[in-house]
>>> print(open('coords36.cif').read())   # mmCIF, C-alpha atoms
data_input
loop_
_atom_site.label_atom_id
_atom_site.label_comp_id
_atom_site.auth_asym_id
_atom_site.auth_seq_id
_atom_site.Cartn_x
_atom_site.Cartn_y
_atom_site.Cartn_z
CA MET C 10 151.71 217.96 -152.11
CA HIS C 11 154.37 220.52 -152.22
CA GLU C 12 157.42 220.77 -154.30
CA ALA C 13 160.09 222.36 -152.11
CA ARG C 14 159.41 220.63 -148.86
CA HIS C 15 161.63 222.22 -146.21
CA GLY C 16 165.19 221.50 -147.19
CA GLN C 17 164.47 219.44 -150.30
CA PRO C 18 165.71 221.30 -153.42
CA LEU C 19 164.11 220.79 -156.80
CA SER C 20 165.43 217.84 -158.78
CA SER C 21 165.57 219.60 -162.13
CA GLU C 22 166.75 223.09 -161.28
CA LEU C 23 170.27 224.46 -161.32
CA LEU C 24 170.88 226.44 -158.15
CA LEU C 25 174.14 228.29 -158.60
CA LEU C 26 173.43 230.48 -155.59
CA VAL C 27 170.34 231.74 -153.85
CA GLY C 28 171.76 234.93 -152.37
CA ALA C 29 174.42 236.02 -149.93
CA GLY C 30 174.25 234.22 -146.62
CA GLU C 31 171.63 231.68 -147.69
CA GLY C 32 173.77 228.58 -147.60
CA THR C 33 175.81 226.37 -149.88
CA PRO C 34 174.51 226.09 -153.45
CA VAL C 35 173.66 222.69 -154.83
CA LEU C 36 173.25 221.21 -158.28
CA PRO C 37 170.39 218.72 -158.15
CA ALA C 38 170.35 216.08 -160.86
CA SER C 39 167.75 213.72 -162.25
CA GLY C 40 166.48 211.07 -159.89
CA GLU C 41 166.66 213.54 -156.98
CA GLN C 42 170.40 212.98 -156.56
CA GLN C 43 172.78 215.87 -155.89
CA ARG C 44 176.18 216.58 -157.44
CA ARG C 45 178.89 219.01 -156.51
CA PRO C 46 178.19 222.60 -157.60
CA ILE C 47 179.93 223.74 -160.77
CA GLY C 48 180.23 227.33 -159.65
CA VAL C 49 179.17 229.99 -157.21
CA VAL C 50 177.68 233.28 -158.36
CA LEU C 51 175.41 235.84 -156.76
CA ALA C 52 171.69 235.37 -157.35
CA ASP C 53 171.30 238.55 -159.40
CA GLU C 54 174.20 237.47 -161.64
CA ALA C 55 173.03 233.90 -162.18
CA SER C 56 171.09 234.55 -165.37
CA SER C 57 173.90 236.45 -167.10
CA VAL C 58 176.54 233.92 -166.07
CA ALA C 59 174.42 231.00 -167.28
CA ALA C 60 174.09 232.60 -170.71
CA LYS C 61 177.81 233.33 -171.22
CA PRO C 62 179.96 230.99 -173.34
CA ALA C 63 182.29 228.84 -171.25
CA ALA C 64 186.08 228.81 -171.82
CA GLY C 65 185.80 230.51 -175.18
CA SER C 66 183.51 227.81 -176.60
CA ARG C 67 179.97 228.17 -177.87
CA TRP C 68 178.63 226.05 -174.97
CA CYS C 69 176.83 227.87 -172.12
CA PHE C 70 175.95 226.71 -168.62
CA SER C 71 172.29 227.20 -169.53
CA ASP C 72 172.64 224.46 -172.17
CA ALA C 73 173.00 221.92 -169.35
CA VAL C 74 170.12 223.15 -167.22
CA GLU C 75 167.00 221.04 -167.44
CA SER C 76 163.68 222.82 -167.83
CA ASP C 77 161.63 223.58 -164.75
CA PRO C 78 157.95 223.29 -165.73
CA ALA C 79 156.60 223.88 -162.21
CA GLY C 80 158.69 227.03 -161.83
CA ARG C 81 157.49 228.37 -165.16
CA ASP C 82 153.91 227.57 -164.25
CA PHE C 83 154.37 229.41 -160.96
CA ALA C 84 155.71 232.52 -162.73
CA ARG C 85 152.67 232.54 -165.01
CA SER C 86 150.29 232.17 -162.07
CA THR C 87 151.24 235.19 -159.95
CA ASP C 88 152.20 238.84 -160.25
CA CYS C 89 153.05 239.52 -156.62
CA CYS C 90 155.36 236.76 -155.38
CA THR C 91 158.50 234.94 -156.44
CA LEU C 92 160.36 231.71 -155.69
CA ARG C 93 163.40 231.57 -153.42
CA TRP C 94 165.55 228.76 -152.09
CA THR C 95 167.22 228.22 -148.71
CA PRO C 96 168.69 225.08 -147.14
CA ALA C 97 166.12 225.22 -144.32
CA LYS C 98 162.99 225.68 -146.43
CA GLY C 99 163.95 224.44 -149.86
CA ARG C 100 162.11 226.31 -152.57
CA HIS C 101 159.37 228.58 -151.29
CA ALA C 102 157.32 231.61 -152.32
CA THR C 103 157.72 235.13 -150.92
CA ALA C 104 155.83 238.35 -151.58
CA THR C 105 157.52 240.81 -153.94
CA ARG C 106 155.51 243.70 -152.49
CA GLU C 107 153.00 244.41 -149.75
CA ILE C 108 149.84 242.32 -150.20
CA SER C 109 146.56 243.23 -148.56
CA ARG C 110 144.46 240.63 -146.77
CA GLY C 111 141.97 239.01 -149.15
CA ARG C 112 143.96 239.73 -152.30
CA VAL C 113 144.53 236.92 -154.80
CA ILE C 114 148.18 235.87 -154.63
CA LEU C 115 148.20 232.86 -156.93
CA ARG C 116 145.85 231.54 -159.59
CA ALA C 117 147.06 228.01 -160.41
CA SER C 118 145.62 225.99 -163.29
CA ALA C 119 145.14 222.25 -162.91
CA ALA C 120 147.26 219.85 -164.92
CA ALA C 121 144.48 217.31 -164.31
CA VAL C 122 141.45 216.86 -162.06
CA ALA C 123 139.77 213.56 -161.19
CA SER C 124 136.20 213.83 -159.92
CA THR C 125 134.91 211.83 -156.99
CA ALA C 126 132.90 209.71 -159.42
CA ALA C 127 136.05 208.86 -161.39
CA SER C 128 137.66 207.39 -158.29
CA GLY C 129 135.34 204.40 -158.21
CA ALA C 130 135.83 203.76 -161.90
CA ALA C 131 139.62 203.83 -161.54
CA THR C 132 139.52 201.37 -158.64
CA ALA C 133 137.27 199.04 -160.62
CA LEU C 134 139.57 199.26 -163.66
CA LEU C 135 142.64 198.40 -161.60
CA ALA C 136 140.84 195.48 -159.93
CA GLU C 137 139.62 194.18 -163.30
CA SER C 138 143.06 194.36 -164.89
CA SER C 139 144.64 192.71 -161.82
CA GLY C 140 142.37 189.65 -162.16
CA ARG C 141 143.36 186.97 -159.66
CA ASP C 142 145.94 189.38 -158.29
CA GLY C 143 143.18 191.65 -156.95
CA ALA C 144 143.73 190.81 -153.29
CA ALA C 145 147.46 191.49 -153.60
CA ALA C 146 146.75 194.77 -155.41
CA SER C 147 144.48 195.90 -152.56
CA ALA C 148 147.09 194.90 -149.99
CA ASP C 149 149.79 196.90 -151.79
CA ALA C 150 147.53 199.96 -152.04
CA GLN C 151 146.75 199.74 -148.35
CA ARG C 152 150.43 199.33 -147.45
CA VAL C 153 151.46 202.55 -149.21
CA GLY C 154 148.31 204.56 -148.42
CA LEU C 155 147.15 204.81 -152.03
CA ASP C 156 143.51 205.86 -152.12
CA ALA C 157 141.04 205.75 -155.01
CA SER C 158 141.29 209.50 -155.72
CA THR C 159 145.07 209.39 -156.17
CA LEU C 160 144.70 206.36 -158.42
CA ALA C 161 142.07 208.13 -160.55
CA LEU C 162 144.16 211.30 -160.88
CA SER C 163 147.26 209.32 -161.86
CA LEU C 164 145.22 207.52 -164.51
CA GLU C 165 143.98 210.86 -165.88
CA LEU C 166 147.57 212.05 -166.22
CA LEU C 167 148.62 208.79 -167.84
CA ARG C 168 145.91 209.20 -170.44
CA SER C 169 146.95 212.79 -171.13
CA GLY C 170 150.17 211.47 -172.64
CA ARG C 171 153.68 211.20 -171.30
CA GLU C 172 154.87 214.60 -172.51
CA ALA C 173 151.97 216.48 -170.89
CA ALA C 174 152.13 214.43 -167.68
CA GLU C 175 155.87 214.87 -167.22
CA GLU C 176 155.49 218.58 -167.95
CA ALA C 177 153.07 218.72 -165.01
CA ALA C 178 154.71 216.36 -162.52
CA GLY C 179 158.29 215.83 -163.70
CA SER C 180 159.84 218.47 -161.43
CA LEU C 181 157.79 217.73 -158.31
CA LEU C 182 159.15 215.86 -155.31
CA THR C 183 158.25 212.19 -154.86
CA HIS C 184 159.71 211.45 -151.38
CA ARG C 185 160.99 208.21 -152.86
CA GLU C 186 164.09 208.38 -150.70
CA HIS C 187 161.94 208.03 -147.58
CA LEU C 188 160.34 204.74 -148.63
CA SER C 189 161.20 201.49 -146.88
CA ALA C 190 162.18 198.52 -149.02
CA ALA C 191 158.73 196.96 -148.57
CA GLU C 192 156.98 200.22 -149.47
CA ALA C 193 159.16 200.69 -152.55
CA GLU C 194 158.33 197.19 -153.78
CA ALA C 195 154.60 197.76 -153.19
CA TRP C 196 154.72 201.02 -155.15
CA GLU C 197 156.60 199.32 -158.00
CA ARG C 198 153.98 196.58 -158.25
CA THR C 199 151.19 199.15 -158.15
CA ALA C 200 152.81 201.15 -160.95
CA GLN C 201 153.04 198.03 -163.10
CA ARG C 202 149.35 197.28 -162.49
CA LEU C 203 148.34 200.87 -163.27
CA ARG C 204 150.27 200.88 -166.54
CA SER C 205 148.62 197.60 -167.49
CA ALA C 206 145.19 198.97 -166.57
CA ALA C 207 145.70 202.08 -168.69
CA ALA C 208 146.83 199.99 -171.64
CA SER C 209 143.85 197.65 -171.38
CA SER C 210 141.21 200.35 -170.90
CA GLY C 211 140.88 201.05 -174.61
CA GLY C 212 140.50 204.39 -176.34
CA SER C 213 143.17 206.96 -175.66
CA GLY C 214 144.41 205.02 -172.65
CA CYS C 215 145.72 202.24 -174.85
CA SER C 216 147.84 204.45 -177.10
CA CYS C 217 149.11 206.70 -174.31
CA ALA C 218 150.19 203.88 -171.99
CA SER C 219 152.48 202.46 -174.65
CA GLY C 220 154.82 205.43 -174.24
CA TRP C 221 155.33 204.80 -170.53
CA SER C 222 157.84 202.61 -168.74
CA ASP C 223 157.13 201.11 -165.34
CA GLU C 224 159.71 203.48 -163.85
CA ALA C 225 158.04 206.54 -165.39
CA VAL C 226 154.62 205.45 -164.12
CA LEU C 227 156.11 204.86 -160.67
CA ARG C 228 157.54 208.36 -160.51
CA LEU C 229 154.23 209.83 -161.68
CA LEU C 230 152.32 207.90 -159.02
CA LEU C 231 154.67 209.06 -156.27
CA ALA C 232 154.57 212.69 -157.44
CA VAL C 233 150.76 212.69 -157.49
CA HIS C 234 150.59 211.01 -154.08
CA ALA C 235 152.91 213.63 -152.59
CA ASN C 236 151.53 216.75 -154.26
CA ALA C 237 147.84 216.43 -155.17
CA HIS C 238 145.26 218.76 -153.64
CA PRO C 239 141.69 217.86 -152.65
CA VAL C 240 139.36 219.97 -154.82
CA LEU C 241 136.51 221.73 -153.03
CA ASP C 242 133.25 222.94 -154.53
CA ASP C 243 133.22 226.50 -155.91
CA ALA C 244 130.17 227.67 -153.98
CA THR C 245 131.02 226.87 -150.36
CA ALA C 246 134.61 225.56 -150.42
CA SER C 247 133.48 222.96 -147.90
CA ARG C 248 132.63 219.87 -149.96
CA THR C 249 135.30 217.70 -151.61
CA VAL C 250 134.43 217.06 -155.25
CA GLY C 251 137.67 215.54 -156.51
CA LEU C 252 141.46 215.59 -156.52
CA GLY C 253 143.68 217.78 -158.68
CA LEU C 254 147.32 218.43 -159.48
CA PHE C 255 148.22 222.13 -159.53
CA PRO C 256 151.99 222.37 -160.16
CA ALA C 257 152.31 226.06 -159.23
CA ALA C 258 150.57 225.55 -155.88
CA CYS C 259 152.84 222.59 -155.13
CA LEU C 260 155.69 225.03 -154.53
CA LEU C 261 154.09 226.58 -151.44
CA ASN C 262 155.18 225.45 -147.99
CA HIS C 263 153.03 224.56 -145.00
CA SER C 264 152.60 226.61 -141.86
CA CYS C 265 150.45 226.07 -138.79
CA ALA C 266 150.04 229.87 -138.84
CA PRO C 267 149.36 230.22 -142.60
CA THR C 268 149.45 233.48 -144.52
CA GLY C 269 147.27 232.19 -147.36
CA VAL C 270 144.08 230.18 -147.82
CA LEU C 271 142.88 228.04 -150.75
CA SER C 272 139.67 228.13 -152.76
CA PHE C 273 138.64 226.89 -156.20
CA GLU C 274 136.82 228.13 -159.27
CA ALA C 275 135.98 226.98 -162.80
CA GLY C 276 134.65 223.70 -161.48
CA GLY C 277 137.84 222.90 -159.62
CA LYS C 278 140.13 223.52 -162.58
CA VAL C 279 141.68 226.63 -161.00
CA LEU C 280 143.13 226.84 -157.48
CA ILE C 281 143.14 230.28 -155.88
CA VAL C 282 145.43 231.36 -153.05
CA ARG C 283 144.28 234.48 -151.19
CA ALA C 284 146.13 236.40 -148.51
CA LEU C 285 144.82 235.44 -145.09
CA VAL C 286 146.71 238.32 -143.47
CA ASP C 287 148.43 241.48 -144.65
CA LEU C 288 151.81 240.41 -146.03
CA ARG C 289 154.91 242.57 -146.11
CA ARG C 290 157.47 242.41 -148.89
CA GLY C 291 159.68 239.33 -148.50
CA GLN C 292 157.25 237.50 -146.22
CA GLU C 293 156.65 233.86 -147.09
CA VAL C 294 153.37 232.78 -148.65
CA THR C 295 152.19 229.60 -146.91
CA TYR C 296 149.01 227.67 -146.36
CA SER C 297 147.98 224.74 -144.19
CA TYR C 298 148.48 221.22 -145.52
CA LEU C 299 146.07 220.14 -142.78
CA ASP C 300 142.31 220.50 -142.92
CA GLU C 301 140.67 222.85 -140.45
CA PRO C 302 139.94 220.37 -137.62
CA HIS C 303 143.52 219.08 -137.70
CA LEU C 304 145.01 222.58 -138.02
CA PHE C 305 143.56 223.41 -134.61
CA ALA C 306 144.65 220.13 -133.03
CA PRO C 307 147.45 220.04 -130.41
CA TRP C 308 151.00 220.33 -131.73
CA ARG C 309 151.87 216.69 -131.02
CA GLN C 310 149.03 215.54 -133.27
CA ARG C 311 149.79 218.06 -136.03
CA ARG C 312 153.46 217.12 -136.05
CA ALA C 313 152.66 213.40 -136.35
CA LEU C 314 150.26 214.01 -139.25
CA LEU C 315 152.75 216.19 -141.15
CA ARG C 316 155.60 213.74 -140.61
CA ALA C 317 153.53 210.79 -141.84
CA ALA C 318 151.83 212.43 -144.80
CA HIS C 319 154.46 214.88 -146.04
CA ARG C 320 157.77 213.31 -144.98
CA TYR C 321 159.41 216.32 -143.34
CA GLU C 322 160.12 217.62 -139.86
CA PRO C 323 157.71 220.51 -139.20
CA SER C 324 158.32 223.42 -136.87
CA GLN C 325 155.84 225.02 -134.52
CA PRO C 326 155.31 228.78 -135.10
CA ARG C 327 156.13 230.79 -131.99
CA SER C 328 152.67 232.33 -131.89
CA ARG C 329 151.04 228.90 -131.87
CA GLU C 330 153.52 227.61 -129.29
CA GLU C 331 152.80 230.44 -126.86
CA SER C 332 149.02 230.25 -127.23
CA GLU C 333 148.96 226.46 -126.91
CA ALA C 334 151.25 226.49 -123.88
CA ALA C 335 149.04 229.09 -122.22
CA ALA C 336 145.89 227.11 -123.03
CA LEU C 337 147.41 223.97 -121.56
CA CYS C 338 148.66 225.91 -118.51
CA ARG C 339 152.22 224.77 -119.17
CA SER C 340 153.70 228.23 -119.03
CA ARG C 341 152.80 231.72 -117.87
CA LEU C 342 151.07 234.12 -120.17
CA PRO C 343 153.23 236.87 -121.72
CA ALA C 344 153.88 239.59 -119.14
CA ALA C 345 151.76 242.23 -120.91
CA ALA C 346 148.78 239.91 -121.29
CA LEU C 347 149.14 238.72 -117.69
CA GLY C 348 149.15 242.32 -116.43
CA GLU C 349 145.98 243.14 -118.37
CA LEU C 350 144.30 240.01 -117.04
CA GLU C 351 145.26 240.83 -113.44
CA ALA C 352 143.90 244.37 -113.83
CA GLU C 353 140.60 243.00 -115.14
CA VAL C 354 140.37 240.53 -112.24
CA ARG C 355 141.06 243.32 -109.70
CA ALA C 356 138.37 245.49 -111.26
CA LEU C 357 135.85 242.65 -111.16
CA CYS C 358 136.72 241.93 -107.52
CA SER C 359 136.26 245.60 -106.63
CA GLU C 360 132.88 245.68 -108.35
CA ALA C 361 131.83 242.50 -106.54
CA ALA C 362 132.93 243.88 -103.16
CA ALA C 363 131.06 247.14 -103.75
CA ALA C 364 127.95 245.22 -104.75
CA ALA C 365 128.22 243.09 -101.60
CA GLU C 366 128.52 246.19 -99.38
CA GLU C 367 125.48 247.74 -101.02
CA ALA C 368 123.53 244.54 -100.48
CA GLU C 369 124.53 244.43 -96.79
CA GLU C 370 123.56 248.06 -96.29
CA ALA C 371 120.22 247.48 -97.97
CA ALA C 372 119.57 244.43 -95.80
CA ALA C 373 120.48 246.35 -92.64
CA ALA C 374 118.22 249.22 -93.60
CA ALA C 375 115.34 246.85 -94.23
CA GLY C 376 115.78 245.26 -90.80
CA ARG C 377 115.52 248.51 -88.87
#
>>> encode(input="coords36.cif", output="C-alpha cells")
Amino acid sequence: MHEARHGQPLSSELLLLVGAGEGTPVLPASGEQQRRPIGVVLADEASSVAAKPAAGSRWCFSDAVESDPAGRDFARSTDCCTLRWTPAKGRHATATREISRGRVILRASAAAVASTAASGAATALLAESSGRDGAAASADAQRVGLDASTLALSLELLRSGREAAEEAAGSLLTHREHLSAAEAEAWERTAQRLRSAAASSGGSGCSCASGWSDEAVLRLLLAVHANAHPVLDDATASRTVGLGLFPAACLLNHSCAPTGVLSFEAGGKVLIVRALVDLRRGQEVTYSYLDEPHLFAPWRQRRALLRAAHRYEPSQPRSREESEAAALCRSRLPAAALGELEAEVRALCSEAAAAAEEAEEAAAAAGR
C-alpha cells in the first residue's frame, strides 16, 4: 500500500538532504536503484540550490529531477501536514500544526476504483484470454497472492491510458527487490497475460494496451498490489465495496498505535484520513494497515502479517508492548498503575472484612 515504507526512499525523488541529523542523503534513480548523492544542502536551502545554474551554465539541478506525482497529489490533498524523509521511516507525513481529534487531515482522490462486481469480470477476462493456459495463469496468481480485486484495479488503470496510470502509480514502491526468482517469473507471466487481456477486450482497452510494454504492465501490477486500499461503503465504513488506488494516502506509514483512521465518501472515490487522537506539531500521521481484528491480535501475529503483506520489518509501539506484556502476565504493571491497583484491592479487602464482622455480629445477636 504505502509509498515510503520504513527505510525505502522514493524512486523518483531527489533527496539532497532531509534536515540536520536525519541521516545520509540519497539520490534514488529509476528502477528503485540508488546512486551516490550529487551534493549535500540543508533542507530549507534545497529548493533554491536546485534552481541555481550549475558551474556558470544554464543547466540547473532541478532539470535532472524527475517529477513526483504522488508527492504533488499529497500536497494538494492536505493543508495541515507535510512529507519528510528519514533513513528509518523513509518518506512519511507529519503534522505542520496541532490537529484536534476528529479533524480531517487528508482528503485523497482515487486514481482508479474497481468495484467488487468488476473483480469477477476481470478474472473471467484473464481466463478467457489465457485459453489453454488458464490453469497455469491461476497457479501463477496463487503463487504471488494476486486476487481478483487487484487484477480488476490494474485493468482499470491500464484502460485509463499509460500516461494517466504512470502519473498515479509511477512513483509508488513495488517491493520488486523482495521477490524470489520464482515469484518474479510468475509476476512477469501474469503481466504478459494482463496486457494481452486488455488488448483483446475491445473498446478503449484495445487502444490503450498498445502503448504498454510487458515491463510497464509488470511495474503497474506490482505497484497496485503493494499500495491499493480496500474501499468501504460511505454509510457504515464496514462493508468492502471495491479496491482503489489513492496515491496521496500511499505515503502514510503504518502504526499499531495509529494516529489516524480511514473512511470514504463520494462512492469510494475519495479517501478521508481523520485524526484519531490529538496530534501535536511534528507528530507523524499514521494509520493501521491491518483490519480491526488483526490490529488487536498479539504482536507475533501482527508482525508476521506486516512482514508478509508489506515487506518491511515493523516495530511494536511501547504503549502496545507494555499493555500486551501486562495482559499476558509477562511483566509487572508500571509502578504507578500497580500502586493504584494495590490500593483498590486493599480497600475492597477492608470492605469485605467489615461486612463479615457485621454479619457475625448480626448472627450472634440473633442467637441470643
>>> closest_atom_pairs(input="coords36.cif", of="region 232-343 of chain C", to="region 102-120 of chain C", cutoff="12 Å", atoms="all atoms listed in the file", output="Markdown table")
| residue | atom | partner | partner_atom | distance |
| --- | --- | --- | --- | --- |
| C:Val233 | CA | C:Ala120 | CA | 10.9 |
| C:Asn236 | CA | C:Ala120 | CA | 11.9 |
| C:Ala237 | CA | C:Ala119 | CA | 10.1 |
| C:His238 | CA | C:Ala119 | CA | 9.9 |
| C:Pro239 | CA | C:Ala119 | CA | 11.7 |
| C:Val240 | CA | C:Ala119 | CA | 10.2 |
| C:Gly251 | CA | C:Ala119 | CA | 11.9 |
| C:Leu252 | CA | C:Ala119 | CA | 9.9 |
| C:Gly253 | CA | C:Ala119 | CA | 6.3 |
| C:Leu254 | CA | C:Ala119 | CA | 5.6 |
| C:Phe255 | CA | C:Ala119 | CA | 4.6 |
| C:Pro256 | CA | C:Ala120 | CA | 7.2 |
| C:Ala257 | CA | C:Ala117 | CA | 5.7 |
| C:Ala258 | CA | C:Ala117 | CA | 6.2 |
| C:Cys259 | CA | C:Ala117 | CA | 9.5 |
| C:Leu260 | CA | C:Ala102 | CA | 7.1 |
| C:Leu261 | CA | C:Ala102 | CA | 6.0 |
| C:Asn262 | CA | C:Ala102 | CA | 7.8 |
| C:His263 | CA | C:Ala102 | CA | 11.0 |
| C:Thr268 | CA | C:Arg110 | CA | 9.0 |
| C:Gly269 | CA | C:Ile114 | CA | 8.2 |
| C:Val270 | CA | C:Gly111 | CA | 9.2 |
| C:Leu271 | CA | C:Leu115 | CA | 9.5 |
| C:Ser272 | CA | C:Arg116 | CA | 9.8 |
| C:Phe273 | CA | C:Arg116 | CA | 9.2 |
| C:Glu274 | CA | C:Arg116 | CA | 9.7 |
| C:Ala275 | CA | C:Ser118 | CA | 9.7 |
| C:Gly276 | CA | C:Ala119 | CA | 10.7 |
| C:Gly277 | CA | C:Ala119 | CA | 8.0 |
| C:Lys278 | CA | C:Ala119 | CA | 5.2 |
| C:Val279 | CA | C:Ser118 | CA | 4.6 |
| C:Leu280 | CA | C:Ala117 | CA | 5.0 |
| C:Ile281 | CA | C:Arg116 | CA | 4.8 |
| C:Val282 | CA | C:Leu115 | CA | 5.0 |
| C:Arg283 | CA | C:Val113 | CA | 4.4 |
| C:Ala284 | CA | C:Arg110 | CA | 4.9 |
| C:Leu285 | CA | C:Arg110 | CA | 5.5 |
| C:Val286 | CA | C:Arg110 | CA | 4.6 |
| C:Asp287 | CA | C:Arg110 | CA | 4.6 |
| C:Leu288 | CA | C:Ile108 | CA | 5.0 |
| C:Arg289 | CA | C:Glu107 | CA | 4.5 |
| C:Arg290 | CA | C:Arg106 | CA | 4.3 |
| C:Gly291 | CA | C:Ala104 | CA | 5.0 |
| C:Gln292 | CA | C:Thr103 | CA | 5.3 |
| C:Glu293 | CA | C:Thr103 | CA | 4.2 |
| C:Val294 | CA | C:Thr103 | CA | 5.4 |
| C:Thr295 | CA | C:Ala102 | CA | 7.7 |
| C:Tyr296 | CA | C:Ala102 | CA | 11.0 |
>>> residues_around(input="coords36.cif", residues="Trp196 (chain C)", least_positions_apart="3", cutoff="9 Å", atoms="only C-alpha atoms", output="number ranges by chain")
C: 149-150, 152-153, 191-193, 199-201, 227, 230-231
>>> atom_distance(input="coords36.cif", atom1="CA of Asp82 (chain C)", atom2="CA of Lys98 (chain C)")
20.1 Å
>>> atom_distance(input="coords36.cif", atom1="CA of Arg85 (chain C)", atom2="CA of Glu176 (chain C)")
14.5 Å
>>> closest_residue(input="coords36.cif", among="C:Gln310, C:Ser169, C:Thr245, C:Thr159", to="Trp221 (chain C)", atoms="all atoms listed in the file")
C:Ser169
>>> closest_residue(input="coords36.cif", among="C:Gly80, C:Asp300, C:Glu349, C:Val354", to="Thr249 (chain C)", atoms="all atoms listed in the file")
C:Asp300
>>> atom_distance(input="coords36.cif", atom1="CA of Glu333 (chain C)", atom2="CA of Arg355 (chain C)")
25.4 Å
>>> resolve_selection(input="coords36.cif", expression="the PyMOL selection byres ((chain C and resi 204) around 9)", output="PyMOL selection string")
chain C and resi 164+167+199-203+205-209+218-219+221-223+226
>>> closest_residue(input="coords36.cif", among="C:Leu241, C:Ala374, C:Ala131, C:Leu188", to="Leu160 (chain C)", atoms="all atoms listed in the file")
C:Ala131
>>> resolve_selection(input="coords36.cif", expression="the PyMOL selection byres ((chain C and resi 313-324) around 10)", output="PyMOL selection string")
chain C and resi 10-11+14-17+154+183-188+234-236+263-265+298-299+303+308-312+325-327+330
